[in-house]
file work.txt (compact mmCIF, C-alpha atoms and all ligand atoms)
# COMPACT_ATOMS: atom_id res chain seq x y z
CA MET A 1 10.06 6.75 -93.72
CA SER A 2 6.98 8.29 -92.20
CA ARG A 3 4.25 6.12 -90.89
CA HIS A 4 0.62 6.91 -91.50
CA ARG A 5 -2.15 5.65 -89.30
CA LEU A 6 -5.30 5.04 -91.27
CA THR A 7 -8.34 5.81 -89.15
CA ALA A 8 -11.62 4.77 -90.67
CA ALA A 9 -13.97 7.74 -91.10
CA PRO A 10 -17.26 7.22 -89.28
CA SER A 11 -20.10 6.10 -91.55
CA PRO A 12 -22.35 8.95 -92.55
CA SER A 13 -25.57 9.06 -90.60
CA VAL A 14 -28.71 11.21 -90.33
CA ARG A 15 -30.75 11.72 -87.16
CA VAL A 16 -34.45 12.64 -87.45
CA ARG A 17 -37.01 13.45 -84.80
CA ALA A 18 -40.77 12.92 -85.31
CA PRO A 19 -43.54 13.63 -82.80
CA GLY A 20 -46.26 11.57 -81.18
CA LYS A 21 -49.81 12.90 -81.34
CA VAL A 22 -52.98 13.31 -79.39
CA ASN A 23 -56.37 13.35 -81.10
CA LEU A 24 -58.14 16.49 -79.88
CA SER A 25 -61.17 15.13 -81.63
CA LEU A 26 -61.78 11.76 -83.21
CA ARG A 27 -65.07 11.09 -84.99
CA VAL A 28 -65.54 7.67 -86.50
CA GLY A 29 -68.06 6.72 -89.21
CA PRO A 30 -69.35 3.26 -90.14
CA VAL A 31 -66.73 0.79 -91.38
CA GLY A 32 -66.21 0.80 -95.16
CA GLU A 33 -65.72 -2.10 -97.57
CA ASP A 34 -61.94 -1.68 -97.31
CA GLY A 35 -62.13 -2.51 -93.58
CA TYR A 36 -61.28 1.07 -92.63
CA HIS A 37 -63.51 3.57 -90.86
CA PRO A 38 -63.93 7.02 -92.34
CA LEU A 39 -62.61 9.53 -89.81
CA VAL A 40 -62.65 13.17 -89.04
CA SER A 41 -59.88 13.84 -86.58
CA VAL A 42 -58.10 16.89 -85.27
CA PHE A 43 -54.53 15.84 -84.51
CA GLN A 44 -52.06 17.74 -82.41
CA ALA A 45 -48.37 16.81 -82.37
CA VAL A 46 -46.85 16.91 -78.89
CA SER A 47 -43.29 17.27 -77.64
CA LEU A 48 -42.72 13.55 -77.11
CA PHE A 49 -40.41 12.55 -79.93
CA GLU A 50 -39.21 9.39 -81.57
CA GLU A 51 -35.65 9.68 -82.85
CA VAL A 52 -34.49 7.59 -85.78
CA THR A 53 -30.84 7.48 -86.86
CA ALA A 54 -30.12 6.11 -90.33
CA THR A 55 -26.49 5.05 -90.85
CA GLN A 56 -24.84 4.11 -94.12
CA VAL A 57 -23.80 0.47 -94.46
CA SER A 58 -21.93 -1.36 -97.20
CA PRO A 59 -23.88 -2.14 -100.40
CA GLY A 60 -25.90 -5.34 -100.17
CA SER A 61 -26.22 -5.25 -96.36
CA GLY A 62 -29.97 -4.57 -96.49
CA VAL A 63 -31.96 -3.05 -93.64
CA SER A 64 -31.13 -3.66 -89.98
CA LEU A 65 -32.88 -2.26 -86.93
CA THR A 66 -32.12 -1.65 -83.27
CA VAL A 67 -34.43 -0.02 -80.71
CA GLU A 68 -33.73 1.59 -77.33
CA GLY A 69 -36.02 3.02 -74.67
CA PRO A 70 -38.00 1.93 -71.60
CA GLN A 71 -40.56 -0.10 -73.60
CA ALA A 72 -38.18 -1.26 -76.36
CA ALA A 73 -38.73 -4.94 -75.48
CA GLY A 74 -42.24 -4.84 -76.99
CA VAL A 75 -41.10 -3.51 -80.37
CA PRO A 76 -40.59 -5.87 -83.35
CA LEU A 77 -37.08 -5.75 -84.86
CA ASP A 78 -37.87 -7.28 -88.25
CA ALA A 79 -39.52 -6.23 -91.52
CA THR A 80 -42.89 -5.92 -89.75
CA ASN A 81 -41.57 -2.81 -87.96
CA LEU A 82 -42.96 0.35 -89.59
CA ALA A 83 -39.55 2.08 -89.67
CA TRP A 84 -38.06 -0.89 -91.55
CA ARG A 85 -41.05 -0.90 -93.92
CA ALA A 86 -40.59 2.83 -94.50
CA ALA A 87 -36.98 2.26 -95.63
CA ASP A 88 -38.17 -0.50 -98.00
CA VAL A 89 -41.03 1.58 -99.41
CA LEU A 90 -38.79 4.59 -100.06
CA ALA A 91 -36.03 2.46 -101.63
CA ARG A 92 -38.51 0.84 -104.00
CA HIS A 93 -40.03 4.21 -104.86
CA VAL A 94 -36.71 5.78 -105.86
CA GLY A 95 -35.06 2.62 -107.22
CA VAL A 96 -32.14 2.29 -104.79
CA GLU A 97 -31.08 -0.72 -102.73
CA PRO A 98 -32.50 -0.53 -99.18
CA ASP A 99 -29.10 -0.57 -97.43
CA VAL A 100 -29.31 1.15 -94.06
CA ALA A 101 -28.84 0.56 -90.34
CA LEU A 102 -31.77 2.11 -88.46
CA HIS A 103 -31.66 2.93 -84.78
CA VAL A 104 -34.84 4.01 -83.01
CA ARG A 105 -34.90 5.83 -79.68
CA LYS A 106 -38.43 5.63 -78.30
CA GLY A 107 -39.84 8.72 -76.64
CA VAL A 108 -43.55 8.04 -77.21
CA PRO A 109 -45.47 5.35 -75.27
CA VAL A 110 -45.53 2.03 -77.20
CA ALA A 111 -48.95 0.86 -78.55
CA GLY A 112 -50.53 3.71 -76.62
CA GLY A 113 -52.73 5.48 -79.17
CA MET A 114 -50.13 8.22 -79.63
CA ALA A 115 -48.71 7.09 -82.98
CA GLY A 116 -45.21 6.19 -81.75
CA GLY A 117 -44.77 3.53 -84.45
CA SER A 118 -46.12 5.92 -87.08
CA ALA A 119 -43.62 8.56 -85.93
CA ASP A 120 -40.84 5.99 -86.43
CA ALA A 121 -42.03 5.45 -90.00
CA ALA A 122 -42.23 9.19 -90.72
CA ALA A 123 -38.76 9.74 -89.24
CA ALA A 124 -37.30 6.78 -91.17
CA LEU A 125 -38.67 8.14 -94.47
CA VAL A 126 -37.02 11.53 -93.89
CA ALA A 127 -33.78 10.00 -92.57
CA CYS A 128 -33.34 7.56 -95.46
CA ASP A 129 -34.22 10.22 -98.02
CA ALA A 130 -31.46 12.44 -96.59
CA LEU A 131 -28.93 9.60 -96.19
CA TRP A 132 -29.45 8.28 -99.71
CA GLU A 133 -29.64 11.84 -101.09
CA THR A 134 -32.77 10.93 -103.02
CA GLY A 135 -34.39 14.38 -102.63
CA VAL A 136 -38.00 13.20 -102.61
CA PRO A 137 -40.35 16.20 -102.13
CA ARG A 138 -42.32 16.30 -98.87
CA SER A 139 -45.62 15.94 -100.72
CA GLU A 140 -44.39 12.69 -102.29
CA LEU A 141 -43.10 11.46 -98.91
CA GLY A 142 -46.67 12.12 -97.68
CA VAL A 143 -48.07 9.73 -100.30
CA LEU A 144 -45.58 7.02 -99.26
CA ALA A 145 -46.43 7.75 -95.61
CA ALA A 146 -50.14 7.11 -96.22
CA ARG A 147 -49.26 3.68 -97.64
CA LEU A 148 -47.48 2.80 -94.40
CA GLY A 149 -50.33 3.68 -92.02
CA ALA A 150 -53.16 6.12 -91.44
CA ASP A 151 -51.25 8.21 -88.85
CA VAL A 152 -47.88 8.37 -90.64
CA PRO A 153 -48.68 11.44 -92.83
CA PHE A 154 -49.58 13.45 -89.72
CA CYS A 155 -46.33 12.51 -87.95
CA LEU A 156 -44.52 13.78 -91.04
CA LEU A 157 -46.45 17.08 -91.02
CA GLY A 158 -46.72 17.80 -87.27
CA HIS A 159 -48.31 20.89 -85.64
CA THR A 160 -52.13 20.68 -85.65
CA ALA A 161 -54.19 19.39 -88.56
CA VAL A 162 -57.59 18.04 -89.50
CA GLY A 163 -57.46 14.55 -90.98
CA THR A 164 -60.22 13.05 -93.12
CA GLY A 165 -60.47 9.84 -95.13
CA ARG A 166 -58.61 7.28 -93.02
CA GLY A 167 -57.17 10.24 -91.12
CA ASP A 168 -54.47 10.63 -93.75
CA LEU A 169 -55.89 13.50 -95.86
CA LEU A 170 -54.60 16.48 -93.92
CA THR A 171 -55.43 20.16 -93.73
CA PRO A 172 -53.25 22.24 -91.37
CA ALA A 173 -55.23 24.02 -88.63
CA MET A 174 -54.55 27.48 -87.22
CA THR A 175 -53.66 27.57 -83.55
CA ARG A 176 -52.36 30.16 -81.13
CA GLY A 177 -50.04 29.61 -78.18
CA GLU A 178 -48.93 26.47 -76.42
CA PHE A 179 -51.06 23.82 -74.73
CA HIS A 180 -49.90 21.80 -71.72
CA TRP A 181 -50.56 18.07 -71.72
CA VAL A 182 -50.06 15.22 -69.34
CA PHE A 183 -50.30 11.57 -70.37
CA ALA A 184 -50.95 8.43 -68.35
CA ALA A 185 -49.42 5.50 -70.22
CA SER A 186 -49.95 1.76 -69.66
CA GLU A 187 -47.35 -0.97 -69.86
CA GLU A 188 -49.89 -3.10 -71.74
CA GLY A 189 -50.91 -1.57 -75.09
CA LEU A 190 -54.29 -1.80 -76.82
CA SER A 191 -54.55 -3.14 -80.37
CA THR A 192 -56.02 -0.51 -82.72
CA PRO A 193 -58.01 -3.05 -84.82
CA ARG A 194 -59.51 -4.50 -81.60
CA VAL A 195 -60.68 -1.07 -80.47
CA PHE A 196 -62.26 -0.36 -83.87
CA ALA A 197 -63.96 -3.79 -83.68
CA ALA A 198 -65.31 -2.95 -80.20
CA TYR A 199 -66.59 0.33 -81.66
CA ASP A 200 -68.43 -1.59 -84.42
CA GLU A 201 -69.98 -3.80 -81.75
CA LEU A 202 -71.09 -0.86 -79.59
CA THR A 203 -72.61 0.99 -82.56
CA GLY A 204 -73.98 -2.17 -84.21
CA GLY A 205 -72.05 -1.10 -87.32
CA GLN A 206 -74.51 1.82 -87.64
CA ALA A 207 -72.35 4.77 -86.56
CA PRO A 208 -73.69 8.02 -88.04
CA PRO A 209 -71.64 9.62 -90.82
CA VAL A 210 -69.00 12.10 -89.65
CA GLY A 211 -68.38 15.70 -90.72
CA VAL A 212 -65.86 18.45 -90.02
CA GLU A 213 -68.66 20.83 -88.94
CA ASP A 214 -68.88 18.94 -85.62
CA ASP A 215 -65.58 20.47 -84.52
CA THR A 216 -66.40 24.17 -85.00
CA ALA A 217 -66.09 24.98 -81.27
CA LEU A 218 -62.80 23.10 -81.05
CA MET A 219 -61.31 24.90 -84.07
CA GLN A 220 -62.41 28.23 -82.59
CA ALA A 221 -60.72 27.36 -79.26
CA LEU A 222 -57.49 26.51 -81.12
CA ARG A 223 -57.55 29.78 -83.09
CA ALA A 224 -58.17 31.74 -79.89
CA GLY A 225 -55.49 29.82 -77.96
CA ASP A 226 -58.13 29.21 -75.27
CA PRO A 227 -57.26 26.07 -73.26
CA THR A 228 -60.49 26.14 -71.22
CA ALA A 229 -62.63 26.12 -74.37
CA LEU A 230 -60.36 23.47 -75.91
CA GLY A 231 -60.71 21.28 -72.82
CA ALA A 232 -64.50 21.46 -73.08
CA ALA A 233 -64.45 20.58 -76.80
CA LEU A 234 -62.17 17.48 -76.62
CA HIS A 235 -63.97 14.45 -78.08
CA ASN A 236 -63.21 10.82 -78.86
CA ASP A 237 -65.75 8.46 -80.44
CA LEU A 238 -63.43 5.52 -79.65
CA GLN A 239 -63.33 6.28 -75.94
CA GLU A 240 -66.24 4.01 -74.91
CA ALA A 241 -64.78 1.19 -77.05
CA ALA A 242 -61.37 1.59 -75.39
CA LEU A 243 -63.04 1.71 -71.94
CA SER A 244 -64.98 -1.48 -72.70
CA LEU A 245 -61.60 -3.22 -73.09
CA ARG A 246 -59.90 -1.30 -70.26
CA PRO A 247 -62.54 -0.27 -67.66
CA ASP A 248 -59.78 0.82 -65.24
CA LEU A 249 -59.10 3.86 -67.45
CA ARG A 250 -62.34 5.46 -66.18
CA ARG A 251 -60.64 6.08 -62.85
CA THR A 252 -57.64 7.64 -64.58
CA LEU A 253 -60.00 10.03 -66.39
CA ASP A 254 -61.87 10.85 -63.15
CA LEU A 255 -58.65 11.52 -61.24
CA ALA A 256 -57.50 14.00 -63.90
CA ARG A 257 -60.82 15.85 -63.71
CA GLU A 258 -60.67 15.90 -59.90
CA ALA A 259 -57.18 17.41 -60.21
CA GLY A 260 -58.70 20.25 -62.24
CA ALA A 261 -57.84 19.11 -65.79
CA LEU A 262 -59.55 21.32 -68.37
CA GLY A 263 -60.42 18.14 -70.24
CA ALA A 264 -59.41 14.48 -70.20
CA LEU A 265 -59.84 11.77 -72.79
CA VAL A 266 -58.45 8.52 -74.12
CA SER A 267 -55.85 9.34 -76.80
CA GLY A 268 -56.83 7.80 -80.14
CA SER A 269 -57.47 4.09 -79.68
CA GLY A 270 -55.83 4.18 -76.23
CA PRO A 271 -54.92 3.08 -73.67
CA THR A 272 -53.00 6.32 -73.02
CA VAL A 273 -55.15 8.90 -71.22
CA ALA A 274 -54.48 12.55 -72.09
CA ALA A 275 -55.33 15.47 -69.81
CA LEU A 276 -55.18 19.13 -70.74
CA ALA A 277 -53.69 21.34 -68.03
CA ARG A 278 -53.73 25.09 -67.41
CA SER A 279 -49.94 25.39 -67.18
CA ARG A 280 -46.78 23.32 -66.91
CA GLN A 281 -47.09 23.43 -63.10
CA HIS A 282 -50.67 22.19 -63.34
CA ALA A 283 -49.57 19.39 -65.70
CA LEU A 284 -46.99 18.31 -63.10
CA ALA A 285 -49.69 18.38 -60.39
CA ILE A 286 -51.99 16.10 -62.43
CA ALA A 287 -49.01 13.81 -63.10
CA ALA A 288 -48.30 13.70 -59.34
CA THR A 289 -51.94 12.75 -58.62
CA TRP A 290 -51.85 9.88 -61.11
CA THR A 291 -48.53 8.66 -59.72
CA ALA A 292 -49.70 8.88 -56.08
CA GLU A 293 -52.90 6.96 -56.93
CA GLY A 294 -51.06 4.33 -58.98
CA ALA A 295 -53.29 5.20 -61.95
CA ALA A 296 -50.58 4.93 -64.61
CA ASP A 297 -47.48 2.84 -65.26
CA THR A 298 -45.69 5.96 -66.49
CA VAL A 299 -46.69 9.61 -66.70
CA TRP A 300 -45.38 12.05 -69.28
CA THR A 301 -45.79 15.80 -69.62
CA ALA A 302 -45.53 17.56 -72.96
CA THR A 303 -46.57 20.65 -74.87
CA GLY A 304 -48.34 20.96 -78.18
CA PRO A 305 -48.25 21.75 -81.00
CA ALA A 306 -44.83 20.32 -81.90
CA HIS A 307 -42.99 20.22 -85.22
CA GLY A 308 -43.24 17.36 -87.72
CA ALA A 309 -40.45 14.98 -88.78
CA ARG A 310 -37.23 16.94 -89.19
CA VAL A 311 -33.48 16.34 -89.41
CA VAL A 312 -31.74 17.18 -86.13
CA GLY A 313 -28.24 15.91 -86.80
O1 LIG A 401 -53.54 2.28 -90.87
P1 LIG A 401 -53.13 1.50 -89.66
O2 LIG A 401 -52.28 0.31 -89.99
O3 LIG A 401 -52.55 2.36 -88.59
O4 LIG A 401 -54.49 0.92 -89.04
C1 LIG A 401 -54.50 -0.21 -88.19
C2 LIG A 401 -55.89 -0.81 -88.17
O5 LIG A 401 -56.80 0.09 -87.52
C3 LIG A 401 -56.52 -1.08 -89.51
O6 LIG A 401 -56.16 -2.33 -90.01
C4 LIG A 401 -58.02 -1.02 -89.19
O7 LIG A 401 -58.46 -2.23 -88.60
C5 LIG A 401 -58.08 0.06 -88.12
N1 LIG A 401 -58.38 1.37 -88.70
C6 LIG A 401 -59.69 1.62 -89.10
N2 LIG A 401 -60.02 2.84 -89.63
C7 LIG A 401 -59.06 3.82 -89.73
C8 LIG A 401 -57.74 3.60 -89.30
C9 LIG A 401 -57.43 2.34 -88.79
O8 LIG A 401 -60.56 0.75 -89.01
N3 LIG A 401 -59.42 5.01 -90.25
call {"tool": "encode", "arguments": {"input": "work.txt", "output": "structure tokens", "more": "lines below"}}
Ligand code: C5P
result
Amino acid sequence: MSRHRLTAAPSPSVRVRAPGKVNLSLRVGPVGEDGYHPLVSVFQAVSLFEEVTATQVSPGSGVSLTVEGPQAAGVPLDATNLAWRAADVLARHVGVEPDVALHVRKGVPVAGGMAGGSADAAAALVACDALWETGVPRSELGVLAARLGADVPFCLLGHTAVGTGRGDLLTPAMTRGEFHWVFAASEEGLSTPRVFAAYDELTGGQAPPVGVEDDTALMQALRAGDPTALGAALHNDLQEAALSLRPDLRRTLDLAREAGALGALVSGSGPTVAALARSRQHALAIAATWTAEGAADTVWTATGPAHGARVVG
């Protein structure tokens, strides 16, 4: 009699990577009745990636979530997590049970104004769609993404794009070449709603309306692949609001400029500071300055533009 050893096959799983972003330009209008501010923003995806693995579990298990990475302790592990919500939203949309084990590997600073949580949501949408074989078109995933958060559609799309509305109505932008970035991240995040509230206070709720025509020089610099012109055109309406809550970031900005950065600004609602460098070597030199001066809890170098959410395994 022959004996057979039954080895359980590993559960099917799908691994997806989605990028963090920097706002090359962020223009913020007066708050609307829905509590959101109309934006015009030029987003660029950078090569700091969140990785979400979706693994099949037995029917009725529901969603579960684990997170790894240097700042994982600050990330919620329940249904308030955007990746978890993404699985729920997709399951409801296609009419399947939301049974999946999600594992997130963080590669983007947490609560840093670089859309790390939004990248998790974008990656989870793509991962669950592939795992459940639900075949939802990208355009439809984009609609679900917008329901999850203003930055989620961009993390799905990647590359460089102009966002209007809440920042979720996207038009891809033409760019040439590769840009070198360095980021100074803080242990302590900044709450996005608090920064928008500080902006309302600073502008007395009377911010002028925003328009895409304000970014003509920036779009030209992107098309030409001209980092010097791009550095000069970087702009963030939320910067003063973020600095009012974190005055120490002024020094981080100054240090980058002293180290020859082509431009430096607070990324999105902060507190991450982004500096544009001439080359990878220059990015490393700016990073070394920040580290030597104790101006950041962690420094990260990256290039942009980077791809949107995509299956990697
Ligand atoms: O869409 P998301 O959940 O990322 O936004 C978080 C908060 O940031 C919102 O509740 C709102 O207070 C603020 N926000 C805003 N205007 C935007 C985007 C976000 O006021 N365009």
call {"tool": "residues_near_ligand", "arguments": {"input": "work.txt", "ligand": "ligand LIG 401 (chain A)", "cutoff": "9 Å", "atoms": "all atoms listed in the file", "output": "PyMOL selection string"}}
result
chain A and resi 28-29+31-32+34-40+115+117-118+146-152+164-168+191-197+269
call {"tool": "residues_near_point", "arguments": {"input": "work.txt", "point": "(-49.1, 19.4, -79.8)", "cutoff": "10 Å", "atoms": "all atoms listed in the file", "output": "NGL selection string"}}
result
:A and (19-24 or 43-48 or 158-160 or 178-181 or 302-307)
call {"tool": "write_last_selection", "arguments": {"input": "work.txt", "atoms": "C-alpha atoms", "output": "PDB file, keeping the file's coordinate frame"}}
result
ATOM      1  CA  PRO A  19     -43.540  13.630 -82.800  1.00  0.00           C
ATOM      2  CA  GLY A  20     -46.260  11.570 -81.180  1.00  0.00           C
ATOM      3  CA  LYS A  21     -49.810  12.900 -81.340  1.00  0.00           C
ATOM      4  CA  VAL A  22     -52.980  13.310 -79.390  1.00  0.00           C
ATOM      5  CA  ASN A  23     -56.370  13.350 -81.100  1.00  0.00           C
ATOM      6  CA  LEU A  24     -58.140  16.490 -79.880  1.00  0.00           C
ATOM      7  CA  PHE A  43     -54.530  15.840 -84.510  1.00  0.00           C
ATOM      8  CA  GLN A  44     -52.060  17.740 -82.410  1.00  0.00           C
ATOM      9  CA  ALA A  45     -48.370  16.810 -82.370  1.00  0.00           C
ATOM     10  CA  VAL A  46     -46.850  16.910 -78.890  1.00  0.00           C
ATOM     11  CA  SER A  47     -43.290  17.270 -77.640  1.00  0.00           C
ATOM     12  CA  LEU A  48     -42.720  13.550 -77.110  1.00  0.00           C
ATOM     13  CA  GLY A 158     -46.720  17.800 -87.270  1.00  0.00           C
ATOM     14  CA  HIS A 159     -48.310  20.890 -85.640  1.00  0.00           C
ATOM     15  CA  THR A 160     -52.130  20.680 -85.650  1.00  0.00           C
ATOM     16  CA  GLU A 178     -48.930  26.470 -76.420  1.00  0.00           C
ATOM     17  CA  PHE A 179     -51.060  23.820 -74.730  1.00  0.00           C
ATOM     18  CA  HIS A 180     -49.900  21.800 -71.720  1.00  0.00           C
ATOM     19  CA  TRP A 181     -50.560  18.070 -71.720  1.00  0.00           C
ATOM     20  CA  ALA A 302     -45.530  17.560 -72.960  1.00  0.00           C
ATOM     21  CA  THR A 303     -46.570  20.650 -74.870  1.00  0.00           C
ATOM     22  CA  GLY A 304     -48.340  20.960 -78.180  1.00  0.00           C
ATOM     23  CA  PRO A 305     -48.250  21.750 -81.000  1.00  0.00           C
ATOM     24  CA  ALA A 306     -44.830  20.320 -81.900  1.00  0.00           C
ATOM     25  CA  HIS A 307     -42.990  20.220 -85.220  1.00  0.00           C
TER      26      HIS A 307
END
call {"tool": "residues_around", "arguments": {"input": "work.txt", "residues": "Gly107 (chain A)", "least_positions_apart": "5", "cutoff": "10 Å", "atoms": "all atoms listed in the file", "output": "JSON, numbers by chain"}}
result
{"A": [17, 18, 19, 20, 47, 48, 49, 50, 51, 68, 69, 70, 71, 116, 300]}
call {"tool": "residues_near_point", "arguments": {"input": "work.txt", "point": "(-67.1, -1.6, -82.7)", "cutoff": "10 Å", "atoms": "all atoms listed in the file", "output": "PyMOL selection string"}}
result
chain A and resi 30-31+193-207+238+240-242
call {"tool": "write_last_selection", "arguments": {"input": "work.txt", "atoms": "C-alpha atoms", "output": "PDB file, keeping the file's coordinate frame"}}
result
ATOM      1  CA  PRO A  30     -69.350   3.260 -90.140  1.00  0.00           C
ATOM      2  CA  VAL A  31     -66.730   0.790 -91.380  1.00  0.00           C
ATOM      3  CA  PRO A 193     -58.010  -3.050 -84.820  1.00  0.00           C
ATOM      4  CA  ARG A 194     -59.510  -4.500 -81.600  1.00  0.00           C
ATOM      5  CA  VAL A 195     -60.680  -1.070 -80.470  1.00  0.00           C
ATOM      6  CA  PHE A 196     -62.260  -0.360 -83.870  1.00  0.00           C
ATOM      7  CA  ALA A 197     -63.960  -3.790 -83.680  1.00  0.00           C
ATOM      8  CA  ALA A 198     -65.310  -2.950 -80.200  1.00  0.00           C
ATOM      9  CA  TYR A 199     -66.590   0.330 -81.660  1.00  0.00           C
ATOM     10  CA  ASP A 200     -68.430  -1.590 -84.420  1.00  0.00           C
ATOM     11  CA  GLU A 201     -69.980  -3.800 -81.750  1.00  0.00           C
ATOM     12  CA  LEU A 202     -71.090  -0.860 -79.590  1.00  0.00           C
ATOM     13  CA  THR A 203     -72.610   0.990 -82.560  1.00  0.00           C
ATOM     14  CA  GLY A 204     -73.980  -2.170 -84.210  1.00  0.00           C
ATOM     15  CA  GLY A 205     -72.050  -1.100 -87.320  1.00  0.00           C
ATOM     16  CA  GLN A 206     -74.510   1.820 -87.640  1.00  0.00           C
ATOM     17  CA  ALA A 207     -72.350   4.770 -86.560  1.00  0.00           C
ATOM     18  CA  LEU A 238     -63.430   5.520 -79.650  1.00  0.00           C
ATOM     19  CA  GLU A 240     -66.240   4.010 -74.910  1.00  0.00           C
ATOM     20  CA  ALA A 241     -64.780   1.190 -77.050  1.00  0.00           C
ATOM     21  CA  ALA A 242     -61.370   1.590 -75.390  1.00  0.00           C
TER      22      ALA A 242
END
call {"tool": "atom_distance", "arguments": {"input": "work.txt", "atom1": "CA of Gly163 (chain A)", "atom2": "CA of Val42 (chain A)"}}
result
6.2 Å
call {"tool": "atom_distance", "arguments": {"input": "work.txt", "atom1": "CA of Val110 (chain A)", "atom2": "CA of Glu33 (chain A)"}}
result
29.0 Å
call {"tool": "closest_residue", "arguments": {"input": "work.txt", "among": "A:Ala185, A:Ala277, A:Ala233, A:Cys155", "to": "Ala111 (chain A)", "atoms": "all atoms listed in the file"}}
result
A:Ala185
call {"tool": "atom_distance", "arguments": {"input": "work.txt", "atom1": "CA of Ser186 (chain A)", "atom2": "CA of Leu249 (chain A)"}}
result
9.6 Å
call {"tool": "closest_residue", "arguments": {"input": "work.txt", "among": "A:Pro209, A:Gly189, A:Pro227, A:Gly112", "to": "Thr175 (chain A)", "atoms": "only C-alpha atoms"}}
result
A:Pro227
call {"tool": "residues_around", "arguments": {"input": "work.txt", "residues": "Glu97 (chain A)", "least_positions_apart": "6", "cutoff": "12 Å", "atoms": "only C-alpha atoms", "output": "list in words"}}
result
Gln56, Val57, Ser58, Pro59, Gly60, Ser61, Gly62, Val63, Ala87, Asp88, Val89, Leu90, Ala91, Cys128, Trp132 and Thr134 of chain A
call {"tool": "closest_residue", "arguments": {"input": "work.txt", "among": "A:Gly135, A:Gly308, A:Pro271, A:Gly74", "to": "Lys106 (chain A)", "atoms": "all atoms listed in the file"}}
result
A:Gly74
